[in-house]
$ cat coords33.cif   # mmCIF, N, CA and C atoms
data_input
#
loop_
_atom_site.label_atom_id
_atom_site.label_comp_id
_atom_site.auth_asym_id
_atom_site.auth_seq_id
_atom_site.Cartn_x
_atom_site.Cartn_y
_atom_site.Cartn_z
N MET W 1 0.82 -1.19 0.00
CA MET W 1 0.00 0.00 0.00
C MET W 1 0.87 1.26 0.00
N TRP W 2 1.93 1.26 0.83
CA TRP W 2 2.79 2.44 0.92
C TRP W 2 3.48 2.72 -0.41
N SER W 3 3.95 1.68 -1.06
CA SER W 3 4.62 1.82 -2.35
C SER W 3 3.68 2.44 -3.37
N TYR W 4 2.44 2.00 -3.38
CA TYR W 4 1.44 2.55 -4.29
C TYR W 4 1.24 4.04 -4.02
N THR W 5 1.17 4.41 -2.75
CA THR W 5 1.00 5.81 -2.37
C THR W 5 2.17 6.66 -2.83
N GLU W 6 3.39 6.16 -2.65
CA GLU W 6 4.58 6.90 -3.09
C GLU W 6 4.59 7.07 -4.61
N ARG W 7 4.28 6.03 -5.33
CA ARG W 7 4.26 6.12 -6.80
C ARG W 7 3.19 7.10 -7.28
N THR W 8 2.04 7.09 -6.62
CA THR W 8 0.96 8.01 -6.98
C THR W 8 1.38 9.45 -6.73
N ALA W 9 1.99 9.72 -5.58
CA ALA W 9 2.45 11.08 -5.27
C ALA W 9 3.52 11.52 -6.25
N GLU W 10 4.42 10.62 -6.60
CA GLU W 10 5.47 10.96 -7.56
C GLU W 10 4.87 11.27 -8.92
N TRP W 11 3.87 10.50 -9.33
CA TRP W 11 3.21 10.74 -10.60
C TRP W 11 2.49 12.08 -10.59
N MET W 12 1.82 12.40 -9.48
CA MET W 12 1.05 13.64 -9.39
C MET W 12 1.94 14.87 -9.30
N PHE W 13 3.02 14.79 -8.53
CA PHE W 13 3.82 15.98 -8.24
C PHE W 13 5.17 15.98 -8.93
N GLY W 14 5.46 14.98 -9.74
CA GLY W 14 6.67 15.01 -10.54
C GLY W 14 7.92 14.54 -9.83
N GLY W 15 7.83 13.90 -8.70
CA GLY W 15 9.02 13.37 -8.04
C GLY W 15 9.83 14.47 -7.39
N GLU W 16 11.14 14.24 -7.30
CA GLU W 16 12.02 15.20 -6.64
C GLU W 16 12.23 16.44 -7.51
N LEU W 17 12.47 17.54 -6.84
CA LEU W 17 12.68 18.80 -7.54
C LEU W 17 14.11 18.89 -8.06
N ASP W 18 14.26 19.54 -9.19
CA ASP W 18 15.58 19.80 -9.77
C ASP W 18 16.16 21.02 -9.06
N THR W 19 17.25 20.80 -8.33
CA THR W 19 17.86 21.88 -7.54
C THR W 19 18.28 23.05 -8.42
N GLY W 20 18.78 22.77 -9.61
CA GLY W 20 19.18 23.84 -10.53
C GLY W 20 18.01 24.72 -10.94
N GLU W 21 16.87 24.10 -11.19
CA GLU W 21 15.69 24.88 -11.56
C GLU W 21 15.21 25.72 -10.40
N VAL W 22 15.25 25.16 -9.20
CA VAL W 22 14.82 25.90 -8.01
C VAL W 22 15.73 27.10 -7.77
N GLU W 23 17.03 26.89 -7.90
CA GLU W 23 17.98 28.00 -7.72
C GLU W 23 17.79 29.07 -8.80
N GLY W 24 17.53 28.64 -10.02
CA GLY W 24 17.26 29.59 -11.10
C GLY W 24 16.00 30.39 -10.83
N LEU W 25 15.00 29.75 -10.26
CA LEU W 25 13.75 30.43 -9.92
C LEU W 25 14.00 31.48 -8.85
N VAL W 26 14.82 31.16 -7.86
CA VAL W 26 15.16 32.15 -6.81
C VAL W 26 15.85 33.35 -7.45
N THR W 27 16.77 33.11 -8.35
CA THR W 27 17.47 34.20 -9.04
C THR W 27 16.49 35.05 -9.83
N TYR W 28 15.55 34.40 -10.52
CA TYR W 28 14.55 35.14 -11.29
C TYR W 28 13.69 36.02 -10.38
N ILE W 29 13.23 35.47 -9.27
CA ILE W 29 12.40 36.24 -8.34
C ILE W 29 13.21 37.39 -7.74
N ASN W 30 14.48 37.15 -7.41
CA ASN W 30 15.34 38.22 -6.89
C ASN W 30 15.52 39.34 -7.90
N SER W 31 15.58 38.99 -9.18
CA SER W 31 15.80 40.00 -10.22
C SER W 31 14.56 40.86 -10.48
N ALA W 32 13.41 40.43 -9.97
CA ALA W 32 12.17 41.17 -10.20
C ALA W 32 12.13 42.48 -9.41
N GLY W 33 12.96 42.58 -8.39
CA GLY W 33 13.02 43.81 -7.61
C GLY W 33 11.86 43.95 -6.66
N PRO W 34 11.59 45.20 -6.22
CA PRO W 34 10.57 45.43 -5.19
C PRO W 34 9.14 45.13 -5.66
N ALA W 35 8.90 45.10 -6.96
CA ALA W 35 7.56 44.82 -7.47
C ALA W 35 7.24 43.33 -7.39
N GLY W 36 8.26 42.50 -7.23
CA GLY W 36 8.05 41.07 -7.20
C GLY W 36 7.62 40.56 -8.56
N CYS W 37 7.20 39.32 -8.62
CA CYS W 37 6.70 38.78 -9.88
C CYS W 37 5.50 37.89 -9.59
N THR W 38 4.61 37.84 -10.55
CA THR W 38 3.40 37.04 -10.39
C THR W 38 3.66 35.59 -10.79
N ARG W 39 2.76 34.75 -10.40
CA ARG W 39 2.85 33.34 -10.77
C ARG W 39 2.78 33.22 -12.30
N SER W 40 1.95 34.05 -12.93
CA SER W 40 1.83 34.03 -14.40
C SER W 40 3.15 34.40 -15.06
N GLN W 41 3.84 35.39 -14.51
CA GLN W 41 5.14 35.78 -15.06
C GLN W 41 6.15 34.65 -14.91
N ILE W 42 6.13 33.99 -13.76
CA ILE W 42 7.05 32.88 -13.54
C ILE W 42 6.78 31.78 -14.56
N SER W 43 5.52 31.46 -14.74
CA SER W 43 5.15 30.40 -15.67
C SER W 43 5.50 30.75 -17.11
N SER W 44 5.12 31.94 -17.56
CA SER W 44 5.31 32.30 -18.97
C SER W 44 6.70 32.82 -19.29
N ASP W 45 7.24 33.71 -18.45
CA ASP W 45 8.52 34.33 -18.77
C ASP W 45 9.72 33.45 -18.41
N TYR W 46 9.67 32.85 -17.23
CA TYR W 46 10.83 32.06 -16.80
C TYR W 46 10.80 30.63 -17.33
N PHE W 47 9.67 29.95 -17.17
CA PHE W 47 9.60 28.55 -17.59
C PHE W 47 9.02 28.37 -18.99
N LYS W 48 8.64 29.45 -19.65
CA LYS W 48 8.09 29.39 -21.01
C LYS W 48 6.92 28.41 -21.12
N ARG W 49 6.13 28.35 -20.05
CA ARG W 49 4.93 27.50 -19.96
C ARG W 49 5.26 26.01 -20.09
N ASN W 50 6.45 25.62 -19.65
CA ASN W 50 6.86 24.22 -19.72
C ASN W 50 6.80 23.51 -18.37
N LYS W 51 6.12 24.09 -17.39
CA LYS W 51 5.95 23.47 -16.07
C LYS W 51 4.47 23.38 -15.75
N SER W 52 4.09 22.28 -15.17
CA SER W 52 2.69 22.11 -14.76
C SER W 52 2.42 22.94 -13.49
N ALA W 53 1.16 23.12 -13.19
CA ALA W 53 0.79 23.85 -11.97
C ALA W 53 1.31 23.12 -10.75
N ALA W 54 1.26 21.79 -10.77
CA ALA W 54 1.76 21.01 -9.63
C ALA W 54 3.26 21.20 -9.44
N GLU W 55 4.01 21.25 -10.53
CA GLU W 55 5.45 21.47 -10.43
C GLU W 55 5.76 22.86 -9.88
N LEU W 56 5.03 23.87 -10.35
CA LEU W 56 5.21 25.23 -9.83
C LEU W 56 4.85 25.29 -8.35
N ASP W 57 3.74 24.66 -7.98
CA ASP W 57 3.34 24.63 -6.57
C ASP W 57 4.43 24.01 -5.71
N ALA W 58 5.02 22.92 -6.18
CA ALA W 58 6.06 22.24 -5.41
C ALA W 58 7.29 23.12 -5.24
N MET W 59 7.73 23.76 -6.31
CA MET W 59 8.92 24.62 -6.24
C MET W 59 8.68 25.83 -5.36
N LEU W 60 7.57 26.53 -5.61
CA LEU W 60 7.28 27.74 -4.83
C LEU W 60 7.01 27.40 -3.38
N GLY W 61 6.33 26.29 -3.14
CA GLY W 61 6.07 25.86 -1.77
C GLY W 61 7.35 25.60 -1.00
N GLU W 62 8.31 24.95 -1.65
CA GLU W 62 9.60 24.68 -1.01
C GLU W 62 10.31 25.99 -0.67
N LEU W 63 10.29 26.94 -1.59
CA LEU W 63 10.98 28.22 -1.36
C LEU W 63 10.31 29.01 -0.24
N ILE W 64 9.00 28.94 -0.16
CA ILE W 64 8.28 29.64 0.92
C ILE W 64 8.58 28.98 2.26
N ARG W 65 8.53 27.66 2.32
CA ARG W 65 8.83 26.94 3.57
C ARG W 65 10.26 27.19 4.04
N ASP W 66 11.20 27.31 3.09
CA ASP W 66 12.59 27.56 3.44
C ASP W 66 12.85 29.01 3.81
N GLY W 67 11.86 29.89 3.61
CA GLY W 67 12.01 31.30 3.93
C GLY W 67 12.83 32.07 2.92
N ARG W 68 12.97 31.54 1.73
CA ARG W 68 13.75 32.20 0.68
C ARG W 68 12.90 33.13 -0.17
N VAL W 69 11.59 32.91 -0.14
CA VAL W 69 10.63 33.69 -0.93
C VAL W 69 9.40 33.90 -0.06
N ARG W 70 8.76 35.05 -0.22
CA ARG W 70 7.49 35.27 0.46
C ARG W 70 6.41 35.50 -0.59
N GLN W 71 5.20 35.16 -0.23
CA GLN W 71 4.06 35.24 -1.14
C GLN W 71 3.06 36.24 -0.60
N GLU W 72 2.54 37.08 -1.48
CA GLU W 72 1.49 38.03 -1.10
C GLU W 72 0.40 37.99 -2.16
N THR W 73 -0.83 38.18 -1.71
CA THR W 73 -1.96 38.24 -2.63
C THR W 73 -2.33 39.69 -2.84
N ASP W 74 -2.34 40.12 -4.10
CA ASP W 74 -2.64 41.50 -4.47
C ASP W 74 -4.11 41.59 -4.87
N ARG W 75 -4.91 42.20 -4.00
CA ARG W 75 -6.35 42.34 -4.26
C ARG W 75 -6.70 43.78 -4.63
N SER W 76 -5.73 44.55 -5.11
CA SER W 76 -5.95 45.97 -5.38
C SER W 76 -6.77 46.23 -6.63
N LYS W 77 -6.89 45.25 -7.50
CA LYS W 77 -7.63 45.44 -8.75
C LYS W 77 -8.84 44.52 -8.78
N ALA W 78 -9.78 44.85 -9.63
CA ALA W 78 -10.97 44.02 -9.77
C ALA W 78 -10.60 42.68 -10.41
N GLY W 79 -11.41 41.69 -10.16
CA GLY W 79 -11.16 40.38 -10.75
C GLY W 79 -10.35 39.49 -9.84
N ARG W 80 -9.79 38.45 -10.41
CA ARG W 80 -9.01 37.48 -9.64
C ARG W 80 -7.76 38.15 -9.07
N PRO W 81 -7.50 37.96 -7.79
CA PRO W 81 -6.30 38.57 -7.20
C PRO W 81 -5.03 37.93 -7.75
N ALA W 82 -4.01 38.75 -7.91
CA ALA W 82 -2.71 38.26 -8.39
C ALA W 82 -1.89 37.81 -7.19
N VAL W 83 -1.23 36.69 -7.34
CA VAL W 83 -0.32 36.20 -6.30
C VAL W 83 1.09 36.61 -6.73
N ARG W 84 1.75 37.37 -5.85
CA ARG W 84 3.10 37.86 -6.15
C ARG W 84 4.11 37.21 -5.23
N TYR W 85 5.31 37.02 -5.74
CA TYR W 85 6.40 36.43 -4.98
C TYR W 85 7.55 37.42 -4.89
N PHE W 86 8.12 37.52 -3.69
CA PHE W 86 9.18 38.48 -3.39
C PHE W 86 10.34 37.74 -2.73
N PRO W 87 11.55 38.24 -2.96
CA PRO W 87 12.70 37.62 -2.25
C PRO W 87 12.68 37.99 -0.78
N CYS W 88 13.23 37.13 0.05
CA CYS W 88 13.33 37.42 1.48
C CYS W 88 14.77 37.81 1.82
#

$ encode --input "coords33.cif" --output "structure tokens"
Amino acid sequence: MWSYTERTAEWMFGGELDTGEVEGLVTYINSAGPAGCTRSQISSDYFKRNKSAAELDAMLGELIRDGRVRQETDRSKAGRPAVRYFPC
């Protein structure tokens, strides 16, 4: 049962994270300056839309848990709020 659970989680979330990609993402977020960058910018500009939502969630979640990046929700405009990421 445990093996099945591990394989399912790996299939859903893509297994282990690529350290090089995570470090590159930190550099990209740091380069955004005080305005930070949105999840859409990370997906389209940095990864060229080649990462799934689950992969982005895993990378950004790790960076937030490690205290390397902070996340804020921008509700200043009408419509869906933008999620921005800033360096710590």

$ resolve_selection --input "coords33.cif" --expression "the PyMOL selection byres (((chain W and resi 21 and name CA) around 12) and name CA)" --output "list of chain:residue names"
W:Glu16, W:Leu17, W:Asp18, W:Thr19, W:Gly20, W:Val22, W:Glu23, W:Gly24, W:Leu25, W:Val26, W:Thr27, W:Tyr28, W:Ile42, W:Tyr46, W:Phe47, W:Lys51, W:Glu55, W:Leu56, W:Ala58, W:Met59, W:Leu60, W:Leu63

$ resolve_selection --input "coords33.cif" --expression "the PyMOL selection byres ((chain W and resi 82) around 7)" --output "list in words"
Thr38, Arg39, Glu72, Thr73, Asp74, Arg75, Ser76, Gly79, Arg80, Pro81, Val83 and Arg84 of chain W

$ residues_near_point --input "coords33.cif" --point "(14.3, 35.5, 4.9)" --cutoff "7 Å" --atoms "all atoms listed in the file" --output "short mmCIF file (atom, residue, chain, number, x, y, z; two decimals) with N, CA and C atoms, in the coordinates of the input"
data_model
loop_
_atom_site.label_atom_id
_atom_site.label_comp_id
_atom_site.auth_asym_id
_atom_site.auth_seq_id
_atom_site.Cartn_x
_atom_site.Cartn_y
_atom_site.Cartn_z
N ASP W 66 11.20 27.31 3.09
CA ASP W 66 12.59 27.56 3.44
C ASP W 66 12.85 29.01 3.81
N GLY W 67 11.86 29.89 3.61
CA GLY W 67 12.01 31.30 3.93
C GLY W 67 12.83 32.07 2.92
N ARG W 68 12.97 31.54 1.73
CA ARG W 68 13.75 32.20 0.68
C ARG W 68 12.90 33.13 -0.17
N VAL W 69 11.59 32.91 -0.14
CA VAL W 69 10.63 33.69 -0.93
C VAL W 69 9.40 33.90 -0.06
N PRO W 87 11.55 38.24 -2.96
CA PRO W 87 12.70 37.62 -2.25
C PRO W 87 12.68 37.99 -0.78
N CYS W 88 13.23 37.13 0.05
CA CYS W 88 13.33 37.42 1.48
C CYS W 88 14.77 37.81 1.82
#

$ select_by_dssp --input "coords33.cif" --residues "chain W" --states "strand (DSSP E or B)" --output "ChimeraX atom specification"
/W:37-38,69-74,82-87

$ atom_distance --input "coords33.cif" --atom1 "atom CA of Ile64 of chain W" --atom2 "atom CA of Asn50 of chain W"
21.4 Å

$ atom_distance --input "coords33.cif" --atom1 "atom CA of Arg49 of chain W" --atom2 "atom C of Pro34 of chain W"
23.1 Å

$ atom_distance --input "coords33.cif" --atom1 "atom N of Ala53 of chain W" --atom2 "atom N of Trp2 of chain W"
26.0 Å
